[in-house]
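Structure first, commentary second.
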Amino acid sequence: MLLQFPFSFHRTEENIAYLGKLLKRFSDYPLVVEVRHATWNDKAFYAMLHERGVGFCNIDQPVIGRAMKPSERTTARVAYVRLHGRRYDTWFSDDPATPPSERYNYLYTEQELEPWAARIQHVAEGGDSTFVITNNHFEGKAIVNALQLVHLLTRAKVKVPEPLRQRYPELDRIATEPPAEPLLFPT
C-alpha cells in the first residue's frame with residue numbers, strides 16, 4: 001500500500017505523529033511511504049521506516065525549491081520507485097486553464113532514464129520485491145518509458161504494441177519486431 005503525501009506535507013512533529021498513526025493503523029499490509037518535501041530527507045525518518053519494515057518511495061519529480069531530489073534508498077523488503085515526469089512549467093500551476101493532467105504530460109528521454117535504471121538496480125538489491133511505477137501517464141507516455149526502462153534493465157528488445165509504436169517511433173530501436181507495413185486500401 002502506497003501512502004503518498006503532497007509537497008505541502010513537511011516534516012513537522014504533527015506530521016510525524018500523523019504518519020506514525022497511519023503506519024500503525026495499516027501495519028497488516030506491506031507499506032511504502034512517498035514524501036515529496038526535502039524536510040523528510042533525514043536519517044531518523046529513514047531509520048523509523050526501516051524499524052517498522054516500511055518501504056521508502058524513491059521519486060523523480062521536478063526539483064523545485066525544497067522538493068525531494070532523486071534517491072535510491074531501500075528501507076524494507078519492498079523497494080519502490082515512482083517517476084512522475086519533469087514538467088517544471090505546470091508542476092505547481094494554479095492556472096485554471098491548465099488541466100491537472102498536464103502536470104504528468106512528460107516523456108523521459110532514454111538519457112534521462114539511464115540513471116534511473118542504475119538506481120532501480122541498486123534498490124532492487126536491497127529488497128525482495130521491487131516496484132517501478134511510471135506516473136507520467138498522459139497519452140501513453142508512462143507505457144513508453146516503462147518499455148524503455150525494461151530495455152535498459154534487461155538489455156533485451158521488448159514487445160511494443162503497434163499503435164504505441166506508430167505514435168512514438170523512438171520505440172522502433174528497442175522493439176522485437178520490425179514496424180508493421182501500413183494497411184493499404186484500394187482506391
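We label chains A, B, ... in the order they appear in the C-alpha cells, count residues from 1 in each chain, and number ligands from 1 in the order shown.
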
Margin query: I'd like the neighbourhood of range 7-13 of chain A as a list in words, where a residue qualifies if any of its atoms comes within 7 Å (using only C-alpha atoms), though same-chain residues fewer than 5 positions away should be ignored.
Written below: Arg36, His37, Thr39 and Trp40 of chain A

Checklist line | Members of chain A assigned strand (DSSP E or B) by DSSP, as a list in words | finding: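 Of chain A, the ones in strand (DSSP E or B) are Leu2, Leu3, Gln4, Val32, Val33, Glu34, His37, Gly55, Phe56, Cys57, Asn58, Ile59, Asp60, Ala67, Val78, Ala79, Tyr80, Val81, Arg82, Leu83, Ser129, Thr130, Phe131, Val132, Ile133, Thr134, Val158 and Ala175 of chain A.
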
Next item on the list: Within range 80-175 of chain A, find each residue whose DSSP state, derived from the backbone, is helix (DSSP H, G or I), and express the selection as a ChimeraX atom specification.
Entry: /A:100-104,110-126,138-154,162-167,169-174

Notebook entry, point to check: If you count only C-alpha atoms, which residues fall within 9 Å of Ala117 in chain A, apart from same-chain ones fewer than 6 positions away, as a ChimeraX atom specification?
Noted result: /A:149-150,152-153

Taking 6 positions as the minimum chain separation for residues in the same chain, which residues sit within 6 Å of range 54-69 of chain A when counting only C-alpha atoms? Answer as a PDB file with N, CA, C and O atoms, in the first residue's frame.
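Dumped to part-v5.pdb:
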```
ATOM      1  N   LEU A  31       3.762  -1.714   3.403  1.00  0.00           N
ATOM      2  CA  LEU A  31       3.587  -0.274   3.232  1.00  0.00           C
ATOM      3  C   LEU A  31       4.809   0.373   2.597  1.00  0.00           C
ATOM      4  O   LEU A  31       5.943  -0.052   2.833  1.00  0.00           O
ATOM      5  N   VAL A  32       4.532   1.419   1.836  1.00  0.00           N
ATOM      6  CA  VAL A  32       5.564   2.260   1.249  1.00  0.00           C
ATOM      7  C   VAL A  32       5.114   3.702   1.452  1.00  0.00           C
ATOM      8  O   VAL A  32       3.936   4.016   1.265  1.00  0.00           O
ATOM      9  N   VAL A  33       6.040   4.573   1.824  1.00  0.00           N
ATOM     10  CA  VAL A  33       5.727   5.981   2.047  1.00  0.00           C
ATOM     11  C   VAL A  33       6.392   6.826   0.971  1.00  0.00           C
ATOM     12  O   VAL A  33       7.597   6.707   0.737  1.00  0.00           O
ATOM     13  N   GLU A  34       5.578   7.695   0.338  1.00  0.00           N
ATOM     14  CA  GLU A  34       6.086   8.660  -0.637  1.00  0.00           C
ATOM     15  C   GLU A  34       5.902  10.059  -0.074  1.00  0.00           C
ATOM     16  O   GLU A  34       4.786  10.491   0.183  1.00  0.00           O
ATOM     17  N   ARG A  36       7.352  14.191  -0.664  1.00  0.00           N
ATOM     18  CA  ARG A  36       7.922  14.991  -1.750  1.00  0.00           C
ATOM     19  C   ARG A  36       8.722  16.189  -1.263  1.00  0.00           C
ATOM     20  O   ARG A  36       9.412  16.815  -2.060  1.00  0.00           O
ATOM     21  N   HIS A  37       8.623  16.517   0.000  1.00  0.00           N
ATOM     22  CA  HIS A  37       9.329  17.690   0.527  1.00  0.00           C
ATOM     23  C   HIS A  37      10.648  17.258   1.155  1.00  0.00           C
ATOM     24  O   HIS A  37      10.712  16.265   1.890  1.00  0.00           O
ATOM     25  N   ALA A  38      11.708  18.004   0.893  1.00  0.00           N
ATOM     26  CA  ALA A  38      13.065  17.631   1.321  1.00  0.00           C
ATOM     27  C   ALA A  38      13.255  17.605   2.831  1.00  0.00           C
ATOM     28  O   ALA A  38      14.247  17.048   3.303  1.00  0.00           O
ATOM     29  N   THR A  75      14.392   0.746   2.438  1.00  0.00           N
ATOM     30  CA  THR A  75      14.244   0.684   3.892  1.00  0.00           C
ATOM     31  C   THR A  75      13.485  -0.547   4.347  1.00  0.00           C
ATOM     32  O   THR A  75      13.316  -0.760   5.547  1.00  0.00           O
ATOM     33  N   ALA A  76      13.020  -1.364   3.399  1.00  0.00           N
ATOM     34  CA  ALA A  76      12.220  -2.544   3.752  1.00  0.00           C
ATOM     35  C   ALA A  76      12.327  -3.584   2.641  1.00  0.00           C
ATOM     36  O   ALA A  76      13.048  -3.392   1.665  1.00  0.00           O
ATOM     37  N   VAL A  78      10.158  -4.272   0.516  1.00  0.00           N
ATOM     38  CA  VAL A  78       9.572  -3.736  -0.701  1.00  0.00           C
ATOM     39  C   VAL A  78      10.383  -2.522  -1.132  1.00  0.00           C
ATOM     40  O   VAL A  78      10.501  -1.552  -0.397  1.00  0.00           O
ATOM     41  N   TYR A  80      10.778   0.512  -3.967  1.00  0.00           N
ATOM     42  CA  TYR A  80       9.759   1.225  -4.732  1.00  0.00           C
ATOM     43  C   TYR A  80      10.361   2.457  -5.409  1.00  0.00           C
ATOM     44  O   TYR A  80      11.101   3.212  -4.786  1.00  0.00           O
ATOM     45  N   VAL A  81       9.997   2.643  -6.684  1.00  0.00           N
ATOM     46  CA  VAL A  81      10.430   3.801  -7.465  1.00  0.00           C
ATOM     47  C   VAL A  81       9.203   4.323  -8.208  1.00  0.00           C
ATOM     48  O   VAL A  81       8.419   3.534  -8.754  1.00  0.00           O
ATOM     49  N   ARG A  82       9.060   5.641  -8.232  1.00  0.00           N
ATOM     50  CA  ARG A  82       7.914   6.250  -8.918  1.00  0.00           C
ATOM     51  C   ARG A  82       8.395   7.464  -9.690  1.00  0.00           C
ATOM     52  O   ARG A  82       8.979   8.382  -9.128  1.00  0.00           O
ATOM     53  N   LEU A  83       8.161   7.440 -10.993  1.00  0.00           N
ATOM     54  CA  LEU A  83       8.605   8.518 -11.875  1.00  0.00           C
ATOM     55  C   LEU A  83       7.403   9.350 -12.302  1.00  0.00           C
ATOM     56  O   LEU A  83       6.516   8.865 -12.995  1.00  0.00           O
ATOM     57  N   HIS A  84       7.382  10.606 -11.882  1.00  0.00           N
ATOM     58  CA  HIS A  84       6.254  11.499 -12.145  1.00  0.00           C
ATOM     59  C   HIS A  84       6.440  12.361 -13.385  1.00  0.00           C
ATOM     60  O   HIS A  84       5.501  12.991 -13.832  1.00  0.00           O
ATOM     61  N   GLY A  85       7.633  12.441 -13.917  1.00  0.00           N
ATOM     62  CA  GLY A  85       7.912  13.350 -15.018  1.00  0.00           C
ATOM     63  C   GLY A  85       8.587  14.603 -14.486  1.00  0.00           C
ATOM     64  O   GLY A  85       8.722  14.794 -13.285  1.00  0.00           O
ATOM     65  N   ARG A  86       9.001  15.452 -15.411  1.00  0.00           N
ATOM     66  CA  ARG A  86       9.741  16.663 -15.037  1.00  0.00           C
ATOM     67  C   ARG A  86       9.129  17.893 -15.700  1.00  0.00           C
ATOM     68  O   ARG A  86       9.823  18.723 -16.256  1.00  0.00           O
ATOM     69  N   TYR A  88       8.289  21.034 -15.272  1.00  0.00           N
ATOM     70  CA  TYR A  88       8.510  22.167 -14.380  1.00  0.00           C
ATOM     71  C   TYR A  88       7.462  23.264 -14.542  1.00  0.00           C
ATOM     72  O   TYR A  88       7.046  23.883 -13.573  1.00  0.00           O
TER      73      TYR A  88
END
```

Item checked: Shell around Arg87 in chain A at 7 Å using only C-alpha atoms, local window under 2 positions removed, as a list in words -> Pro62, Gly85, Asp89, Thr90, Trp91, Arg103, Tyr104, Asn105 and Tyr106 of chain A

Generate the output file for the selected residues, all heavy atoms, as a compact mmCIF listing (two decimals), in the first residue's frame.
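Saved to again.txt:
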```
# COMPACT_ATOMS: atom_id res chain seq x y z
N PRO A 62 9.87 17.25 -10.66
CA PRO A 62 10.62 18.49 -10.84
C PRO A 62 11.23 18.93 -9.50
O PRO A 62 10.54 18.96 -8.48
CB PRO A 62 9.55 19.49 -11.30
CG PRO A 62 8.50 18.64 -11.92
CD PRO A 62 8.48 17.38 -11.10
N GLY A 85 7.63 12.44 -13.92
CA GLY A 85 7.91 13.35 -15.02
C GLY A 85 8.59 14.60 -14.49
O GLY A 85 8.72 14.79 -13.29
N ASP A 89 7.04 23.52 -15.78
CA ASP A 89 6.16 24.66 -16.04
C ASP A 89 4.73 24.47 -15.51
O ASP A 89 4.02 25.44 -15.32
CB ASP A 89 6.12 24.99 -17.53
CG ASP A 89 5.59 23.84 -18.38
OD1 ASP A 89 5.78 22.67 -18.02
OD2 ASP A 89 4.99 24.14 -19.44
N THR A 90 4.31 23.24 -15.24
CA THR A 90 2.94 23.01 -14.76
C THR A 90 2.87 22.34 -13.40
O THR A 90 1.78 22.10 -12.89
CB THR A 90 2.15 22.14 -15.76
OG1 THR A 90 2.82 20.89 -15.91
CG2 THR A 90 2.01 22.83 -17.10
N TRP A 91 4.00 22.02 -12.81
CA TRP A 91 4.01 21.22 -11.58
C TRP A 91 3.22 21.86 -10.45
O TRP A 91 2.42 21.22 -9.78
CB TRP A 91 5.45 20.93 -11.16
CG TRP A 91 5.54 19.85 -10.12
CD1 TRP A 91 5.91 19.99 -8.82
CD2 TRP A 91 5.26 18.46 -10.30
NE1 TRP A 91 5.88 18.78 -8.19
CE2 TRP A 91 5.49 17.82 -9.08
CE3 TRP A 91 4.85 17.70 -11.39
CZ2 TRP A 91 5.31 16.45 -8.89
CZ3 TRP A 91 4.67 16.34 -11.21
CH2 TRP A 91 4.90 15.73 -9.97
N ARG A 103 0.35 18.19 -15.72
CA ARG A 103 1.47 18.01 -14.78
C ARG A 103 2.27 16.76 -15.15
O ARG A 103 3.48 16.71 -14.98
CB ARG A 103 0.92 17.89 -13.36
CG ARG A 103 1.98 17.62 -12.33
CD ARG A 103 1.39 17.52 -10.96
NE ARG A 103 0.83 18.81 -10.61
CZ ARG A 103 0.09 19.03 -9.53
NH1 ARG A 103 -0.19 18.05 -8.72
NH2 ARG A 103 -0.37 20.22 -9.28
N TYR A 104 1.57 15.74 -15.65
CA TYR A 104 2.21 14.45 -15.95
C TYR A 104 2.44 14.25 -17.45
O TYR A 104 2.75 13.15 -17.89
CB TYR A 104 1.38 13.32 -15.38
CG TYR A 104 1.14 13.51 -13.90
CD1 TYR A 104 -0.09 13.93 -13.42
CD2 TYR A 104 2.18 13.30 -13.00
CE1 TYR A 104 -0.28 14.13 -12.06
CE2 TYR A 104 1.99 13.51 -11.65
CZ TYR A 104 0.76 13.92 -11.19
OH TYR A 104 0.57 14.12 -9.84
N ASN A 105 2.29 15.30 -18.23
CA ASN A 105 2.50 15.24 -19.67
C ASN A 105 3.98 15.42 -19.95
O ASN A 105 4.44 16.50 -20.30
CB ASN A 105 1.67 16.33 -20.36
CG ASN A 105 1.81 16.27 -21.87
OD1 ASN A 105 2.45 15.39 -22.43
ND2 ASN A 105 1.21 17.24 -22.54
N TYR A 106 4.73 14.35 -19.76
CA TYR A 106 6.18 14.41 -19.90
C TYR A 106 6.69 13.06 -20.40
O TYR A 106 6.34 12.02 -19.85
CB TYR A 106 6.83 14.73 -18.55
CG TYR A 106 8.31 14.98 -18.67
CD1 TYR A 106 8.79 16.23 -19.05
CD2 TYR A 106 9.23 13.97 -18.44
CE1 TYR A 106 10.15 16.46 -19.18
CE2 TYR A 106 10.58 14.19 -18.57
CZ TYR A 106 11.04 15.43 -18.94
OH TYR A 106 12.38 15.67 -19.07
```

Checklist line | Residue neighbourhood range 165-178 of chain A, 10 Å, only C-alpha atoms, exclusion window fewer than 3 positions, as a list of chain:residue names | finding: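 Residues near the query, excluding close chain neighbours: A:Thr109, A:Glu110, A:Glu139, A:Gly140, A:Lys141, A:Val144, A:Asn145, A:Leu147, A:Gln148, A:Val150, A:His151, A:Leu152, A:Arg155, A:Ala156, A:Lys157, A:Val158, A:Lys159, A:Val160, A:Pro161, A:Glu162, A:Glu181.
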
Next item on the list: For Ser27 in chain A, work out the shell of residues within 12 Å, counting only C-alpha atoms and skipping chain neighbours fewer than 5 positions away, then give it as a list of chain:residue names.
Entry: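 Once the adjacent positions are removed, what remains is A:Met1, A:Leu3, A:Leu19, A:Gly20, A:Lys21, A:Leu22, A:Val32, A:Leu49, A:Arg52, A:Gly53, A:Val54.
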
Just-selected residues, C-alpha atoms written as a PDB file, in the first residue's frame:
```pdb
ATOM      1  CA  MET A   1       0.000   0.000   0.000  1.00  0.00           C
ATOM      2  CA  LEU A   3       0.943   6.177   1.389  1.00  0.00           C
ATOM      3  CA  LEU A  19       2.363   9.296   9.813  1.00  0.00           C
ATOM      4  CA  GLY A  20       3.114   7.106  12.838  1.00  0.00           C
ATOM      5  CA  LYS A  21      -0.622   6.599  13.420  1.00  0.00           C
ATOM      6  CA  LEU A  22      -1.178   5.681   9.773  1.00  0.00           C
ATOM      7  CA  VAL A  32       5.564   2.260   1.249  1.00  0.00           C
ATOM      8  CA  LEU A  49      10.762   3.346   8.229  1.00  0.00           C
ATOM      9  CA  ARG A  52       8.824  -0.627  11.094  1.00  0.00           C
ATOM     10  CA  GLY A  53       9.566  -2.540   7.879  1.00  0.00           C
ATOM     11  CA  VAL A  54       8.075   0.237   5.738  1.00  0.00           C
TER      12      VAL A  54
END
```

Next item on the list: Can you work out which one of A:Pro179, A:Gly127, A:Pro115, A:Pro30 has the shortest atom-to-atom distance to Arg77 in chain A, counting only C-alpha atoms?
Entry: A:Gly127
